[in-house]
Amino acid sequence: MPAEKSRPDKHDAITKAASETFLAEGFDRASLDQIAQRAGVSKQTIYSHFADKQALFLAICSELTEKLTIPLRQPASETGDLRTTLLRLGEDALAMMLHPASLDLHRLIVGAAARFPELGQAAYEAGAGRMITELSALLAQRSRSGDGLPRPLTHAEADRLAEQFIGMLRGFHQVRGLLGIDPVPDVERRTYVAACVDLLLRTG
């Protein structure tokens, strides 16, 4: 397949094509042959990047989370104080949750999890679970340096605050998006995120 050799980034081409195919066909009906055709690569090329269809699906979930959590792993000198970091994470995370492709992916995961429970578990761990884990580590670290939180947090406290924060962000915004209800204006959404951040810092 000569055209395939000149492709600059096969990995991105495959994940993009896979996202489109999964959303169009569903996880069960989507095939690697369809994905390969849409990506303009061979099926063997897909196998050189991903072990199987489930691994490809989970890579898509993981890559969405990876973009959001990069600031959580950077030093404070690069990201600013805790409140600034949480505001950025909150605004970016909520915007991602409400993006039409993310809403479609969420519906797809929920629909597939009934038949493929291991896929649902793995998708959670690659997405929301990973975000909570990395946010928990950040909260524990910043609490020990006195950044934004009144006292050092235990591991259990940091885990709880991280999960509460992600849950607050999602709120009913995602529910409205999944039901096709128009989102709140951007200004109102930013105000909501700021309120979530301030509540976390007060209760920490």
# chains A, B, ... in the order shown; residues from 1 in each chain; ligands from 1

call {"tool": "residues_around", "arguments": {"residues": "range 183-194 of chain A", "least_positions_apart": "5", "cutoff": "12 Å", "atoms": "only C-alpha atoms", "output": "MDAnalysis selection string"}}
result
chainID A and resid 83:95 97:100 165:178 199:201

call {"tool": "closest_atom_pairs", "arguments": {"of": "range 26-75 of chain A", "to": "range 106-126 of chain A", "cutoff": "8 Å", "atoms": "only C-alpha atoms", "output": "CSV"}}
result
residue,atom,partner,partner_atom,distance
A:Gly26,CA,A:Leu108,CA,6.4
A:Phe27,CA,A:Ala112,CA,6.5
A:Asp28,CA,A:Ala112,CA,7.4
A:Gln54,CA,A:Leu119,CA,7.2
A:Leu58,CA,A:Ala123,CA,5.9
A:Cys61,CA,A:Ala126,CA,6.2
A:Ser62,CA,A:Ala126,CA,4.9
A:Thr65,CA,A:Ala126,CA,7.5

call {"tool": "write_last_selection", "arguments": {"atoms": "N, CA, C and O atoms", "output": "CSV table (one decimal), in the first residue's frame"}}
result
chain,number,residue,atom,x,y,z
A,26,GLY,N,-21.1,2.1,16.4
A,26,GLY,CA,-21.1,1.5,17.7
A,26,GLY,C,-19.9,0.6,17.9
A,26,GLY,O,-19.3,0.1,16.9
A,27,PHE,N,-19.6,0.3,19.2
A,27,PHE,CA,-18.4,-0.5,19.4
A,27,PHE,C,-18.5,-1.9,18.9
A,27,PHE,O,-17.6,-2.4,18.3
A,28,ASP,N,-19.7,-2.5,19.0
A,28,ASP,CA,-19.9,-3.9,18.6
A,28,ASP,C,-19.8,-4.1,17.1
A,28,ASP,O,-19.2,-5.0,16.6
A,54,GLN,N,-10.5,-3.3,21.3
A,54,GLN,CA,-10.7,-2.7,22.6
A,54,GLN,C,-9.5,-1.8,23.0
A,54,GLN,O,-9.7,-0.7,23.5
A,58,LEU,N,-9.8,2.2,24.0
A,58,LEU,CA,-9.3,2.7,25.2
A,58,LEU,C,-8.3,3.8,25.0
A,58,LEU,O,-8.1,4.7,25.8
A,61,CYS,N,-10.1,7.1,24.6
A,61,CYS,CA,-10.5,7.6,26.0
A,61,CYS,C,-9.3,8.2,26.7
A,61,CYS,O,-9.3,9.3,27.3
A,62,SER,N,-8.2,7.5,26.7
A,62,SER,CA,-7.0,7.9,27.4
A,62,SER,C,-6.4,9.2,26.8
A,62,SER,O,-5.9,10.0,27.6
A,65,THR,N,-8.2,12.3,28.0
A,65,THR,CA,-7.8,12.6,29.4
A,65,THR,C,-6.4,13.1,29.5
A,65,THR,O,-6.1,14.0,30.3

call {"tool": "select_by_dssp", "arguments": {"residues": "range 4-150 of chain A", "states": "alpha helix (DSSP H)", "output": "PyMOL selection string"}}
result
chain A and resi 4-5+10-25+32-39+43-49+53-69+76-79+82-98+100-113+117-126+128-144

call {"tool": "closest_residue", "arguments": {"among": "A:Ala59, A:Ala140, A:Leu105, A:Leu135", "to": "Ala24 in chain A", "atoms": "only C-alpha atoms"}}
result
A:Leu105

call {"tool": "residues_around", "arguments": {"residues": "Asp33 in chain A", "least_positions_apart": "5", "cutoff": "10 Å", "atoms": "only C-alpha atoms", "output": "PDB file with C-alpha atoms, in the first residue's frame"}}
result
ATOM      1  CA  ARG A  38     -11.298   5.188   6.730  1.00  0.00           C
ATOM      2  CA  ALA A  39      -7.735   5.863   7.942  1.00  0.00           C
ATOM      3  CA  VAL A  41      -3.899   2.296   6.213  1.00  0.00           C
ATOM      4  CA  SER A  42      -3.710  -1.478   6.236  1.00  0.00           C
ATOM      5  CA  LYS A  43      -5.251  -3.599   8.959  1.00  0.00           C
ATOM      6  CA  GLN A  44      -1.740  -4.824   9.778  1.00  0.00           C
ATOM      7  CA  ILE A  46      -3.431  -0.900  13.009  1.00  0.00           C
TER       8      ILE A  46
END

call {"tool": "atom_distance", "arguments": {"atom1": "CA of Asp198 in chain A", "atom2": "CA of His155 in chain A"}}
result
20.7 Å

call {"tool": "residues_around", "arguments": {"residues": "Ser19 in chain A", "least_positions_apart": "6", "cutoff": "9 Å", "atoms": "only C-alpha atoms", "output": "mmCIF file with all heavy atoms, in the first residue's frame"}}
result
data_model
loop_
_atom_site.group_PDB
_atom_site.id
_atom_site.type_symbol
_atom_site.label_atom_id
_atom_site.label_comp_id
_atom_site.auth_asym_id
_atom_site.auth_seq_id
_atom_site.Cartn_x
_atom_site.Cartn_y
_atom_site.Cartn_z
ATOM 1 N N ILE A 35 -12.184 0.691 9.987
ATOM 2 C CA ILE A 35 -11.287 1.725 10.513
ATOM 3 C C ILE A 35 -10.073 1.887 9.600
ATOM 4 O O ILE A 35 -9.650 3.006 9.291
ATOM 5 C CB ILE A 35 -10.857 1.383 11.950
ATOM 6 C CG1 ILE A 35 -12.080 1.437 12.873
ATOM 7 C CG2 ILE A 35 -9.765 2.328 12.438
ATOM 8 C CD1 ILE A 35 -11.843 0.846 14.260
ATOM 9 N N PHE A 57 -9.986 1.491 21.246
ATOM 10 C CA PHE A 57 -11.052 2.268 21.871
ATOM 11 C C PHE A 57 -10.554 2.935 23.151
ATOM 12 O O PHE A 57 -10.803 4.118 23.401
ATOM 13 C CB PHE A 57 -12.239 1.364 22.171
ATOM 14 C CG PHE A 57 -13.443 2.080 22.714
ATOM 15 C CD1 PHE A 57 -14.339 2.689 21.859
ATOM 16 C CD2 PHE A 57 -13.673 2.151 24.075
ATOM 17 C CE1 PHE A 57 -15.447 3.357 22.352
ATOM 18 C CE2 PHE A 57 -14.777 2.810 24.580
ATOM 19 C CZ PHE A 57 -15.668 3.422 23.717
ATOM 20 N N ILE A 60 -8.360 5.995 22.687
ATOM 21 C CA ILE A 60 -9.103 7.228 22.415
ATOM 22 C C ILE A 60 -9.533 7.873 23.727
ATOM 23 O O ILE A 60 -9.377 9.087 23.924
ATOM 24 C CB ILE A 60 -10.321 6.920 21.526
ATOM 25 C CG1 ILE A 60 -9.866 6.429 20.156
ATOM 26 C CG2 ILE A 60 -11.214 8.163 21.385
ATOM 27 C CD1 ILE A 60 -10.971 5.836 19.314
ATOM 28 N N ALA A 101 -18.675 15.443 20.290
ATOM 29 C CA ALA A 101 -18.000 14.151 20.117
ATOM 30 C C ALA A 101 -17.831 13.437 21.451
ATOM 31 O O ALA A 101 -17.946 12.208 21.526
ATOM 32 C CB ALA A 101 -16.637 14.360 19.453
ATOM 33 N N LEU A 105 -19.324 9.901 22.576
ATOM 34 C CA LEU A 105 -18.460 8.854 23.117
ATOM 35 C C LEU A 105 -19.006 8.343 24.446
ATOM 36 O O LEU A 105 -18.995 7.136 24.716
ATOM 37 C CB LEU A 105 -17.044 9.390 23.301
ATOM 38 C CG LEU A 105 -15.999 8.393 23.808
ATOM 39 C CD1 LEU A 105 -15.822 7.243 22.814
ATOM 40 C CD2 LEU A 105 -14.666 9.085 24.066
#

call {"tool": "atom_distance", "arguments": {"atom1": "CA of Glu66 in chain A", "atom2": "CA of Asp159 in chain A"}}
result
18.8 Å

call {"tool": "residues_around", "arguments": {"residues": "Leu64 in chain A", "least_positions_apart": "6", "cutoff": "9 Å", "atoms": "only C-alpha atoms", "output": "PyMOL selection string"}}
result
chain A and resi 96+102+127

call {"tool": "atom_distance", "arguments": {"atom1": "CA of Arg142 in chain A", "atom2": "CA of Leu82 in chain A"}}
result
7.0 Å

call {"tool": "residues_around", "arguments": {"residues": "Gln141 in chain A", "least_positions_apart": "5", "cutoff": "10 Å", "atoms": "only C-alpha atoms", "output": "NGL selection string"}}
result
:A and (135-136 or 146-147 or 152-153 or 158)

call {"tool": "write_last_selection", "arguments": {"atoms": "N, CA and C atoms", "output": "short mmCIF file (atom, residue, chain, number, x, y, z; two decimals), in the first residue's frame"}}
result
data_model
loop_
_atom_site.label_atom_id
_atom_site.label_comp_id
_atom_site.auth_asym_id
_atom_site.auth_seq_id
_atom_site.Cartn_x
_atom_site.Cartn_y
_atom_site.Cartn_z
N LEU A 135 -5.49 14.28 39.85
CA LEU A 135 -5.91 15.45 40.61
C LEU A 135 -5.68 15.23 42.10
N SER A 136 -5.95 14.03 42.59
CA SER A 136 -5.71 13.71 43.99
C SER A 136 -4.25 13.91 44.36
N GLY A 146 1.20 24.24 51.42
CA GLY A 146 0.37 25.36 51.87
C GLY A 146 -0.23 26.17 50.75
N ASP A 147 -0.32 25.59 49.56
CA ASP A 147 -0.86 26.30 48.39
C ASP A 147 -2.36 26.10 48.28
N PRO A 152 -2.25 19.97 55.37
CA PRO A 152 -1.92 18.80 54.54
C PRO A 152 -3.08 17.80 54.51
N LEU A 153 -3.33 17.24 53.35
CA LEU A 153 -4.39 16.25 53.19
C LEU A 153 -3.85 14.84 53.29
N ALA A 158 -7.56 13.52 49.93
CA ALA A 158 -7.26 14.03 48.59
C ALA A 158 -8.08 13.29 47.54
#

call {"tool": "residues_around", "arguments": {"residues": "Thr133 in chain A", "least_positions_apart": "3", "cutoff": "9 Å", "atoms": "only C-alpha atoms", "output": "MDAnalysis selection string"}}
result
chainID A and resid 128:130 136:138 159 162:163
